[in-house]
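Colleague: One structure coming up, written as structure tokens, with questions to follow.
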Amino acid sequence: MSTPQESARLEQIKRSWQQKRQITERLDKIKTKIGVYSGKGGVGKTTVAVNLAVTLAKQGATVGLLDVDIDCPNVAKVMGITEKPDYIEGQIIPVEKHGVKVVSMAFFQENQDEAIIWRGPMIHNAINQFLQATDWAELDYLVIDLPPGTSDSPLTIMQSLPMDGFLVVSTPQDLANLDAKRCINMIRKLNLNVLGVVENYTGDIFGKGGGKDLANETEVPYLGDLALRSSYRDTSQPTILLDSAVEEEFDAMATVLKKSLKEVGSEAP
Ligand SMILES: Nc1ncnc2c1ncn2[C@@H]1O[C@H](COP(=O)(O)OP(=O)(O)O)[C@@H](O)[C@H]1O
Ligand SMILES: [Mg+2]
């Protein structure tokens, strides 16, 4: 006979195994998981994640977009999603918009301005619950908007979510590249793949070339640059749907990204 403590412990182990198994089953149905990452906030991570996801969907792939930027979960806003996801028998059904299935941490906030202060184990738990409960069905790509920087939250997420690789967003300026370099080092320390660097805000104001230099220096693929444009001010839709020049930039980026994914052995279409 086992003591109540032993039974409780056994029960806990069983639950944690069930959770792990369920997460593995869920993620098995997703061919490619891409993290979008940066050294700091405001460099265009959400912009890249959203427009990349919609680009891949337009090219015919089945795509999911997961927003786990705990402190600033902006994906739903940028995608123009106001409704909450459905729960069916304890499962989260992603909200579909512009051909992309979306789940965001923001769906579980009481109100938009609420500050979310979470620590490592809570983040780990929340991510696991997300992964366990979300019914993505089959996906070719899951694009994940990560928290910026090299602190506890991105680290926890990188360790809980098995990703095929990361796309690092930087800017033409040196300082951002220093942060981006730290990010690349962190990804490598965790033995994960860097799929490439994107330079955002390219143009007369901030210049050009920092992203490419960073890619050369760290020996990762360069995925292209995204010009600083006023068309991003219209937030009614993802910008690739509003501006054909932006659409071209993202199409070109997706092409190089797919090549990079093949090189790391991903089965992306
Ligand atoms: N290439 C660009 N040109 C003009 N504005 C941009 C560009 N990229 C992003 N933005 C704008 O900059 C702001 C910050 O971008 P965002 O993607 O939210 O950054 P992050 O997710 O890294 O914090 C947003 O208002 C976005 O619309
Ligand atoms: Mg963001």
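Chain labels A, B, ... are given in the sequence in which chains occur in the structure tokens; within each chain residues are numbered consecutively from 1, and ligands are likewise numbered from 1 in the order shown.
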Neighbours of ligand 1 at 8 Å or closer, counting only C-alpha atoms and all ligand atoms: which residues, as a PDB file with N, CA and C atoms, in the first residue's frame?
Modeller:
ATOM      1  N   SER A  38      14.359  38.947 -31.453  1.00  0.00           N
ATOM      2  CA  SER A  38      15.202  40.138 -31.602  1.00  0.00           C
ATOM      3  C   SER A  38      15.873  40.475 -30.288  1.00  0.00           C
ATOM      4  N   LYS A  40      15.929  43.450 -28.881  1.00  0.00           N
ATOM      5  CA  LYS A  40      15.112  44.346 -28.060  1.00  0.00           C
ATOM      6  C   LYS A  40      13.753  44.573 -28.714  1.00  0.00           C
ATOM      7  N   GLY A  41      12.869  45.201 -27.971  1.00  0.00           N
ATOM      8  CA  GLY A  41      11.528  45.470 -28.491  1.00  0.00           C
ATOM      9  C   GLY A  41      11.570  46.620 -29.478  1.00  0.00           C
ATOM     10  N   GLY A  42      10.554  46.704 -30.307  1.00  0.00           N
ATOM     11  CA  GLY A  42      10.424  47.850 -31.203  1.00  0.00           C
ATOM     12  C   GLY A  42      11.192  47.730 -32.506  1.00  0.00           C
ATOM     13  N   VAL A  43      11.874  46.614 -32.748  1.00  0.00           N
ATOM     14  CA  VAL A  43      12.636  46.493 -33.996  1.00  0.00           C
ATOM     15  C   VAL A  43      11.790  45.930 -35.136  1.00  0.00           C
ATOM     16  N   GLY A  44      10.578  45.454 -34.816  1.00  0.00           N
ATOM     17  CA  GLY A  44       9.686  44.978 -35.877  1.00  0.00           C
ATOM     18  C   GLY A  44       9.435  43.477 -35.846  1.00  0.00           C
ATOM     19  N   LYS A  45       9.600  42.879 -34.688  1.00  0.00           N
ATOM     20  CA  LYS A  45       9.406  41.441 -34.548  1.00  0.00           C
ATOM     21  C   LYS A  45       7.968  41.020 -34.877  1.00  0.00           C
ATOM     22  N   THR A  46       7.015  41.708 -34.267  1.00  0.00           N
ATOM     23  CA  THR A  46       5.611  41.373 -34.510  1.00  0.00           C
ATOM     24  C   THR A  46       5.243  41.637 -35.970  1.00  0.00           C
ATOM     25  N   THR A  47       5.746  42.765 -36.497  1.00  0.00           N
ATOM     26  CA  THR A  47       5.503  43.098 -37.903  1.00  0.00           C
ATOM     27  C   THR A  47       5.995  41.975 -38.809  1.00  0.00           C
ATOM     28  N   VAL A  48       7.199  41.480 -38.534  1.00  0.00           N
ATOM     29  CA  VAL A  48       7.770  40.405 -39.356  1.00  0.00           C
ATOM     30  C   VAL A  48       6.974  39.116 -39.168  1.00  0.00           C
ATOM     31  N   ALA A  49       6.662  38.778 -37.918  1.00  0.00           N
ATOM     32  CA  ALA A  49       5.950  37.515 -37.653  1.00  0.00           C
ATOM     33  C   ALA A  49       4.605  37.498 -38.382  1.00  0.00           C
ATOM     34  N   CYS A  72       4.464  42.003 -24.227  1.00  0.00           N
ATOM     35  CA  CYS A  72       3.793  42.802 -25.261  1.00  0.00           C
ATOM     36  C   CYS A  72       3.149  41.900 -26.303  1.00  0.00           C
ATOM     37  N   ASN A  74       1.193  41.536 -29.067  1.00  0.00           N
ATOM     38  CA  ASN A  74       0.524  42.470 -29.981  1.00  0.00           C
ATOM     39  C   ASN A  74      -0.020  41.852 -31.247  1.00  0.00           C
ATOM     40  N   ASP A 145       5.970  34.473 -32.339  1.00  0.00           N
ATOM     41  CA  ASP A 145       6.475  35.793 -31.951  1.00  0.00           C
ATOM     42  C   ASP A 145       6.988  35.686 -30.517  1.00  0.00           C
ATOM     43  N   PRO A 148      11.522  39.628 -26.634  1.00  0.00           N
ATOM     44  CA  PRO A 148      12.877  40.012 -27.053  1.00  0.00           C
ATOM     45  C   PRO A 148      13.919  39.773 -25.960  1.00  0.00           C
ATOM     46  N   VAL A 169      15.517  39.466 -36.078  1.00  0.00           N
ATOM     47  CA  VAL A 169      15.230  40.773 -36.680  1.00  0.00           C
ATOM     48  C   VAL A 169      16.175  41.804 -36.082  1.00  0.00           C
ATOM     49  N   ASN A 200      15.412  45.409 -40.596  1.00  0.00           N
ATOM     50  CA  ASN A 200      14.195  46.219 -40.728  1.00  0.00           C
ATOM     51  C   ASN A 200      14.555  47.703 -40.617  1.00  0.00           C
ATOM     52  N   TYR A 201      13.681  48.566 -41.108  1.00  0.00           N
ATOM     53  CA  TYR A 201      13.856  50.027 -41.084  1.00  0.00           C
ATOM     54  C   TYR A 201      14.993  50.487 -42.006  1.00  0.00           C
ATOM     55  N   THR A 202      15.239  49.758 -43.071  1.00  0.00           N
ATOM     56  CA  THR A 202      16.279  50.140 -44.018  1.00  0.00           C
ATOM     57  C   THR A 202      15.850  51.392 -44.792  1.00  0.00           C
ATOM     58  N   LEU A 226      13.920  45.129 -45.070  1.00  0.00           N
ATOM     59  CA  LEU A 226      12.560  45.665 -45.147  1.00  0.00           C
ATOM     60  C   LEU A 226      12.676  47.169 -44.971  1.00  0.00           C
ATOM     61  N   ALA A 227      12.286  47.910 -46.000  1.00  0.00           N
ATOM     62  CA  ALA A 227      12.434  49.365 -45.949  1.00  0.00           C
ATOM     63  C   ALA A 227      11.506  50.000 -44.918  1.00  0.00           C
ATOM     64  N   LEU A 228      11.961  51.107 -44.373  1.00  0.00           N
ATOM     65  CA  LEU A 228      11.124  51.931 -43.509  1.00  0.00           C
ATOM     66  C   LEU A 228      10.070  52.589 -44.402  1.00  0.00           C
ATOM     67  N   ARG A 229       8.814  52.355 -44.116  1.00  0.00           N
ATOM     68  CA  ARG A 229       7.760  52.856 -45.008  1.00  0.00           C
ATOM     69  C   ARG A 229       6.563  53.375 -44.219  1.00  0.00           C
ATOM     70  N   SER A 230       5.928  54.387 -44.789  1.00  0.00           N
ATOM     71  CA  SER A 230       4.761  54.951 -44.109  1.00  0.00           C
ATOM     72  C   SER A 230       3.552  54.008 -44.203  1.00  0.00           C
ATOM     73  N   SER A 231       3.600  53.054 -45.133  1.00  0.00           N
ATOM     74  CA  SER A 231       2.436  52.163 -45.288  1.00  0.00           C
ATOM     75  C   SER A 231       2.168  51.324 -44.039  1.00  0.00           C
ATOM     76  N   TYR A 232       3.167  51.195 -43.166  1.00  0.00           N
ATOM     77  CA  TYR A 232       2.949  50.429 -41.929  1.00  0.00           C
ATOM     78  C   TYR A 232       2.032  51.160 -40.949  1.00  0.00           C
ATOM     79  N   ARG A 233       1.806  52.463 -41.247  1.00  0.00           N
ATOM     80  CA  ARG A 233       0.961  53.234 -40.325  1.00  0.00           C
ATOM     81  C   ARG A 233      -0.497  52.817 -40.388  1.00  0.00           C
ATOM     82  N   THR A 235      -3.000  50.360 -39.890  1.00  0.00           N
ATOM     83  CA  THR A 235      -2.978  49.101 -39.137  1.00  0.00           C
ATOM     84  C   THR A 235      -4.254  48.284 -39.348  1.00  0.00           C
TER      85      THR A 235
END
Colleague: Please list as an MDAnalysis selection string every residue within 9 Å of Val100 (chain A), counting only C-alpha atoms and excluding residues in the same chain fewer than 3 positions away.
Modeller: chainID A and resid 53:54 57 62:65 95:97
Colleague: Pick out the residues sitting within 7 Å of region 236-244 of chain A, and hand them over as a list of chain:residue names; count only C-alpha atoms, and ignore anything fewer than 3 positions along from it in its own chain.
Modeller: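 Result of the neighbour search: A:Val50, A:Asn51, A:Val78, A:Met79, A:Gly80, A:Ser231, A:Tyr232, A:Glu247, A:Glu248.
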Colleague: Please provide the set of residues having any atom within 8 Å of Asp140 (chain A), restricted to only C-alpha atoms, with same-chain residues fewer than 2 positions apart removed, written as a PyMOL selection string.
Modeller: chain A and resi 30-32+61-63+138+142+268-269
Colleague: I need the chosen residues saved as a JSON list (two decimals), in the first residue's frame, with N, CA and C atoms.
Modeller:
[["chain", "number", "residue", "atom", "x", "y", "z"],
["A", 30, "ILE", "N", 2.71, 19.58, -36.73],
["A", 30, "ILE", "CA", 3.22, 20.85, -37.29],
["A", 30, "ILE", "C", 4.58, 20.57, -37.91],
["A", 31, "LYS", "N", 4.68, 20.80, -39.22],
["A", 31, "LYS", "CA", 5.93, 20.43, -39.90],
["A", 31, "LYS", "C", 7.10, 21.32, -39.50],
["A", 32, "THR", "N", 6.85, 22.63, -39.43],
["A", 32, "THR", "CA", 7.96, 23.56, -39.22],
["A", 32, "THR", "C", 7.60, 24.63, -38.20],
["A", 61, "ALA", "N", 0.51, 27.60, -48.11],
["A", 61, "ALA", "CA", 0.80, 26.74, -46.95],
["A", 61, "ALA", "C", -0.29, 26.90, -45.89],
["A", 62, "THR", "N", -0.43, 25.88, -45.02],
["A", 62, "THR", "CA", -1.30, 26.04, -43.85],
["A", 62, "THR", "C", -0.42, 26.58, -42.73],
["A", 63, "VAL", "N", -0.87, 27.71, -42.14],
["A", 63, "VAL", "CA", 0.02, 28.45, -41.24],
["A", 63, "VAL", "C", -0.68, 28.81, -39.93],
["A", 138, "GLU", "N", -3.46, 20.10, -38.67],
["A", 138, "GLU", "CA", -2.19, 19.96, -39.38],
["A", 138, "GLU", "C", -1.70, 21.33, -39.82],
["A", 142, "LEU", "N", 4.37, 26.92, -38.18],
["A", 142, "LEU", "CA", 3.92, 27.69, -37.04],
["A", 142, "LEU", "C", 4.96, 28.79, -36.82],
["A", 268, "ALA", "N", 9.69, 21.53, -44.38],
["A", 268, "ALA", "CA", 8.78, 22.57, -44.87],
["A", 268, "ALA", "C", 8.50, 22.42, -46.35],
["A", 269, "PRO", "N", 7.26, 22.70, -46.77],
["A", 269, "PRO", "CA", 6.94, 22.54, -48.20],
["A", 269, "PRO", "C", 7.60, 23.65, -49.04]]
Colleague: Using DSSP assignments from the backbone, pull out every residue in region 27-198 of chain A that falls under helix (DSSP H, G or I) and give it to me as a PDB file with C-alpha atoms, in the first residue's frame.
Modeller:
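As a result, states19.pdb now contains:
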ATOM      1  CA  LEU A  27       3.501  19.407 -32.282  1.00  0.00           C
ATOM      2  CA  ASP A  28       4.014  16.319 -34.436  1.00  0.00           C
ATOM      3  CA  LYS A  45       9.406  41.441 -34.548  1.00  0.00           C
ATOM      4  CA  THR A  46       5.611  41.373 -34.510  1.00  0.00           C
ATOM      5  CA  THR A  47       5.503  43.098 -37.903  1.00  0.00           C
ATOM      6  CA  VAL A  48       7.770  40.405 -39.356  1.00  0.00           C
ATOM      7  CA  ALA A  49       5.950  37.515 -37.653  1.00  0.00           C
ATOM      8  CA  VAL A  50       2.513  38.665 -38.872  1.00  0.00           C
ATOM      9  CA  ASN A  51       3.503  39.540 -42.438  1.00  0.00           C
ATOM     10  CA  LEU A  52       5.617  36.418 -42.812  1.00  0.00           C
ATOM     11  CA  ALA A  53       2.745  34.212 -41.617  1.00  0.00           C
ATOM     12  CA  VAL A  54       0.300  35.841 -44.046  1.00  0.00           C
ATOM     13  CA  THR A  55       2.872  35.583 -46.870  1.00  0.00           C
ATOM     14  CA  LEU A  56       3.353  31.849 -46.293  1.00  0.00           C
ATOM     15  CA  ALA A  57      -0.427  31.364 -46.196  1.00  0.00           C
ATOM     16  CA  LYS A  58      -0.825  33.293 -49.466  1.00  0.00           C
ATOM     17  CA  VAL A  75      -0.175  39.911 -32.674  1.00  0.00           C
ATOM     18  CA  ALA A  76      -3.952  39.905 -32.261  1.00  0.00           C
ATOM     19  CA  LYS A  77      -4.036  43.693 -32.535  1.00  0.00           C
ATOM     20  CA  VAL A  78      -1.875  43.778 -35.659  1.00  0.00           C
ATOM     21  CA  MET A  79      -3.969  40.995 -37.217  1.00  0.00           C
ATOM     22  CA  MET A 105      -1.289  35.283 -24.824  1.00  0.00           C
ATOM     23  CA  ALA A 106      -3.414  38.413 -25.154  1.00  0.00           C
ATOM     24  CA  PHE A 107      -6.533  36.247 -25.578  1.00  0.00           C
ATOM     25  CA  PHE A 108      -6.179  35.335 -21.932  1.00  0.00           C
ATOM     26  CA  GLY A 120      10.132  31.439 -15.277  1.00  0.00           C
ATOM     27  CA  PRO A 121       8.084  28.531 -13.878  1.00  0.00           C
ATOM     28  CA  MET A 122       4.796  30.353 -14.562  1.00  0.00           C
ATOM     29  CA  ILE A 123       5.846  31.042 -18.130  1.00  0.00           C
ATOM     30  CA  HIS A 124       6.882  27.443 -18.535  1.00  0.00           C
ATOM     31  CA  ASN A 125       3.520  26.288 -17.217  1.00  0.00           C
ATOM     32  CA  ALA A 126       1.496  28.693 -19.320  1.00  0.00           C
ATOM     33  CA  ILE A 127       3.381  27.770 -22.498  1.00  0.00           C
ATOM     34  CA  ASN A 128       2.910  24.093 -21.809  1.00  0.00           C
ATOM     35  CA  GLN A 129      -0.799  24.595 -21.244  1.00  0.00           C
ATOM     36  CA  PHE A 130      -1.019  26.553 -24.491  1.00  0.00           C
ATOM     37  CA  LEU A 131       0.799  23.840 -26.364  1.00  0.00           C
ATOM     38  CA  GLN A 132      -1.252  21.093 -24.799  1.00  0.00           C
ATOM     39  CA  ALA A 133      -4.640  22.709 -25.268  1.00  0.00           C
ATOM     40  CA  ASP A 152      14.454  34.501 -18.534  1.00  0.00           C
ATOM     41  CA  SER A 153      11.280  34.581 -20.654  1.00  0.00           C
ATOM     42  CA  PRO A 154      12.689  33.959 -24.144  1.00  0.00           C
ATOM     43  CA  LEU A 155      15.024  31.365 -22.663  1.00  0.00           C
ATOM     44  CA  THR A 156      12.189  29.497 -20.958  1.00  0.00           C
ATOM     45  CA  ILE A 157      10.150  29.519 -24.158  1.00  0.00           C
ATOM     46  CA  MET A 158      13.041  28.309 -26.287  1.00  0.00           C
ATOM     47  CA  GLN A 159      13.461  25.416 -23.915  1.00  0.00           C
ATOM     48  CA  SER A 160       9.757  24.493 -23.741  1.00  0.00           C
ATOM     49  CA  ASP A 174      25.262  49.011 -34.861  1.00  0.00           C
ATOM     50  CA  LEU A 175      23.762  49.056 -31.385  1.00  0.00           C
ATOM     51  CA  ALA A 176      20.821  46.870 -32.341  1.00  0.00           C
ATOM     52  CA  ASN A 177      23.262  44.509 -33.970  1.00  0.00           C
ATOM     53  CA  LEU A 178      25.196  44.136 -30.774  1.00  0.00           C
ATOM     54  CA  ASP A 179      21.963  42.985 -29.085  1.00  0.00           C
ATOM     55  CA  ALA A 180      21.129  40.778 -32.045  1.00  0.00           C
ATOM     56  CA  LYS A 181      24.567  39.191 -31.828  1.00  0.00           C
ATOM     57  CA  ARG A 182      23.910  38.289 -28.199  1.00  0.00           C
ATOM     58  CA  CYS A 183      20.646  36.661 -29.297  1.00  0.00           C
ATOM     59  CA  ILE A 184      22.391  34.642 -31.980  1.00  0.00           C
ATOM     60  CA  ASN A 185      24.940  33.475 -29.425  1.00  0.00           C
ATOM     61  CA  MET A 186      22.193  32.447 -27.042  1.00  0.00           C
ATOM     62  CA  ILE A 187      20.376  30.442 -29.731  1.00  0.00           C
ATOM     63  CA  ARG A 188      23.625  28.694 -30.564  1.00  0.00           C
ATOM     64  CA  LYS A 189      24.415  28.000 -26.922  1.00  0.00           C
TER      65      LYS A 189
END
Colleague: Please determine, counting only C-alpha atoms and all ligand atoms, which residue among A:Leu214, A:Ile70, A:Ile93, A:Val264 has the shortest atom-to-atom distance to ligand 2.
Modeller: A:Ile70
Colleague: Find, counting only C-alpha atoms, the residue in A:Gly224, A:Gly99, A:Pro172, A:Gly196 that gets nearest to Lys208 (chain A).
Modeller: A:Pro172
